[in-house]
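The structure under discussion appears below in the form of structure tokens.
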Amino acid sequence: MYNKSANAVVESWEAASDLSAKQFFIVTSPNASRQVALAGAGGFCYGVLQNKPAAAARSAAVQTGGIAPEVESDGSGTAIASGDWVKSDANGRAVKTTTPGDLTLGKALDASSASGTRIAVVIIRAHVP
């Protein structure tokens with residue numbers, strides 16, 4: 001078990017749409033209107049949504065640093081192992097990446113071999129070396 005408050009950095013933004021079913025999914029950086037949306041496949045991973053904003057312009061709590069103890073993942077295609085780099089898939093779920101230059105959310109602390117598994121991730125936001 002990971003200490004949920006250990007070095008956690010949580011920022012408050014607005015949701016760009018209804019994200020009530022997307023708690024613990026990866027979101028992209030705020031747009032010009034200061035709103036966050038689900039990250040797309042290989043897109044910039046800003047952080048992990050911590051709440052359930054039910055409409056556009058509702059408050060969205062986004063963890064942008066530290067250990068995110070719960071991140072929605074999809075290890076069904078390629079299994080995720082502890083220590084693997086993870087990025088966003090088209091649905092905002094964490095998936096393994098080994099491609100140099102890929103934008104990542106960070107490094108997995110848990111394994112996943114199924115869709116919908118929640119894993120802990122150290123948020124690093126980097127490119128795969």
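Labels used: A, B, ... for chains in the order of the structure tokens, numbers from 1 for residues in each chain, and numbers from 1 for ligands as shown.
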
Those of chain A in DSSP strand (DSSP E or B), formatted as a CSV table (one decimal) with C-alpha atoms, in the first residue's frame:
chain,number,residue,atom,x,y,z
A,9,VAL,CA,0.8,17.5,-5.7
A,10,VAL,CA,-2.9,18.1,-6.5
A,11,GLU,CA,-4.0,21.1,-8.6
A,12,SER,CA,-7.5,22.4,-9.1
A,13,TRP,CA,-8.7,23.1,-12.7
A,14,GLU,CA,-12.0,23.0,-14.5
A,15,ALA,CA,-13.2,19.9,-16.4
A,26,ILE,CA,-5.0,10.4,-17.2
A,27,VAL,CA,-5.7,13.9,-18.2
A,35,GLN,CA,-9.9,23.2,-18.5
A,36,VAL,CA,-8.5,19.6,-18.5
A,38,LEU,CA,-8.8,13.0,-21.0
A,47,GLY,CA,-1.7,14.2,-14.3
A,48,VAL,CA,-4.4,11.9,-12.8
A,49,LEU,CA,-8.0,13.0,-12.2
A,59,SER,CA,-13.8,21.6,-10.4
A,60,ALA,CA,-11.3,18.9,-11.5
A,61,ALA,CA,-8.7,17.8,-8.9
A,62,VAL,CA,-5.6,16.7,-10.8
A,63,GLN,CA,-2.6,15.0,-9.2
A,64,THR,CA,0.5,16.2,-11.0
A,65,GLY,CA,3.3,15.0,-8.8
A,66,GLY,CA,4.3,12.3,-6.3
A,67,ILE,CA,2.9,8.8,-6.2
A,68,ALA,CA,-0.6,8.4,-7.6
A,69,PRO,CA,-1.8,5.3,-5.7
A,70,GLU,CA,-4.7,4.7,-8.2
A,71,VAL,CA,-4.3,5.0,-12.0
A,72,GLU,CA,-6.7,3.3,-14.3
A,73,SER,CA,-4.7,1.0,-16.6
A,74,ASP,CA,-5.1,-1.4,-19.5
A,80,ILE,CA,2.6,-3.7,-17.4
A,85,TRP,CA,7.2,3.5,-18.2
A,86,VAL,CA,3.5,4.2,-18.8
A,87,LYS,CA,1.7,6.6,-21.1
A,88,SER,CA,-1.9,7.3,-22.0
A,94,ALA,CA,-2.1,3.9,-18.5
A,95,VAL,CA,-0.4,1.5,-21.0
A,96,LYS,CA,3.2,0.3,-21.2
A,97,THR,CA,5.6,2.0,-23.5
A,103,LEU,CA,5.6,11.1,-23.6
A,106,GLY,CA,5.7,8.1,-15.2
A,107,LYS,CA,6.8,4.7,-13.9
A,108,ALA,CA,4.4,1.9,-12.7
A,112,SER,CA,-1.4,-4.9,-14.7
A,115,SER,CA,-8.1,-3.6,-18.6
A,116,GLY,CA,-9.6,-1.6,-15.7
A,117,THR,CA,-6.9,-2.6,-13.2
A,118,ARG,CA,-5.8,0.3,-11.0
A,119,ILE,CA,-2.1,0.6,-10.4
A,120,ALA,CA,0.2,3.0,-8.5
A,121,VAL,CA,2.4,5.3,-10.6
A,122,VAL,CA,5.2,7.6,-9.7
A,123,ILE,CA,4.4,10.7,-11.8
A,127,HIS,CA,10.1,11.1,-22.5

*Which distance in Å separates CA of Gly101 (chain A) and CA of Gln23 (chain A), to one decimal?*
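We find that CA of Gly101 (chain A) and CA of Gln23 (chain A) lie 27.3 Å from each other.
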
*Work out how far CA of Asp102 (chain A) is from CA of Ser33 (chain A), in Å to one decimal.*
26.3 Å

*Select, from A:Lys22, A:Arg93, A:Lys52, A:Arg58, the residue with the minimum atom-to-atom distance to Gly40 (chain A), counting only C-alpha atoms.*
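Closest to Gly40 (chain A), using only C-alpha atoms: A:Arg93.
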
*Gap from CA of Ser76 (chain A) to CA of Asn51 (chain A) - Å, one decimal*: 25.1 Å

*asked:* Here is a test: counting only C-alpha atoms, which residue of A:Ala56, A:Ala90, A:Ala81, A:Ala16 is nearest to Ala32 (chain A)?
replied: A:Ala16
